[in-house]
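In what follows, a structure is listed as structure tokens, so that the remarks can point back to it.
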Amino acid sequence: MPVPTTPIGRVLVTGGASGLGAAVVAAVAEAGGTPIVLDLRVDGVPEGTDAVAVDVTDTEATERAVREAAERHGGLDAVVTAAGIDKPAPIGGISSGDWERIVGVNLLGTAAVVRAALPALEATHGRVVTISSSLALKGVGDGTAYSASKFGVRGFSQALAAETAGRIGVTNIIPAGMRTAFFEGRTEQYKPGPDAQLIEPEYVANSILFALSQPAGCEIRELSIMPATEPSWP
């Protein structure tokens, strides 16, 4: 007997102009859904896609952008919080501004988007997909801000799932390093080496769509996507 699936529908994607977010946008469109992009810059978003430039650390502007997107599209069926940044450095060598911005984008931005989207998602029994990291399972040196933010996203997701059980779905995605521009601009010591184990963002996007397409009453709470020989897990 075939397993029923849920149509993808209207999916708001933060960080949707590049990297994993862009892969999710492409996958949603290919599946017949309607992607809606929020990103700091949206010049790389495919033509015809609803895209709004917003800094997710600006809570008021972010919440307004989410509400207005829901109004334009007559609701939302899902939110994917793929916006994320990092600037690795020893804790004594990173400025307080950079440390706080990493947490602001990765954790507080995630919470702002979800809070604003919650009424629309509850109306459709929609889903939230948050993005943490393999560094939300095991912290590493020179990554205090990033690990703190991603541990926070994972905890936030678990608490949100408990709080909204039966009203919306919540899935936390835990990817290892991906082959994206995320590592550009770093000094060589913080860039993946030539033998680094990286996965394609499209693989992670496929997992996100799998979570979004589950039938009503079934939720995937957490998914780890890693290379077969990933050294940092478990």
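Residue numbering restarts at 1 for every chain of the structure tokens, chains are lettered A, B, ... in their displayed order, and ligands are numbered from 1 as they appear.
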**Message:** For the structure I just gave you, how does DSSP split segment 91-147 of chain A - specifically, which residues are strand (DSSP E or B)? Reply as a ChimeraX atom specification.
**Reply:** /A:127-131
**Message:** Residues of chain A classed as alpha helix (DSSP H) by DSSP on the backbone are to be reported as a VMD selection string.
**Reply:** chain A and resid 19 to 30 59 to 72 96 to 103 109 to 124 144 to 163 201 to 212
**Request:** Find the distance between atom CA of Ala29 of chain A and atom CA of Val128 of chain A and write it in Å to one decimal.
**Result:**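 So the answer is 17.7 Å.
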**Prompt:** What is the atom CA of Gly109 of chain A to atom CA of Val11 of chain A distance in Å?
**Reply:**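 Pair atom CA of Gly109 of chain A / atom CA of Val11 of chain A returns 16.9 Å.
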**Request:** Between A:Thr14, A:Ser157, A:Thr34, A:Thr124, single out the one closest to Ala53 of chain A, counting only C-alpha atoms.
**Result:** A:Thr14
**Prompt:** When distances are computed from only C-alpha atoms, which of A:Pro175, A:Pro35, A:Pro231, A:Thr164 shows the smallest separation from Gln197 of chain A?
**Reply:** A:Pro231
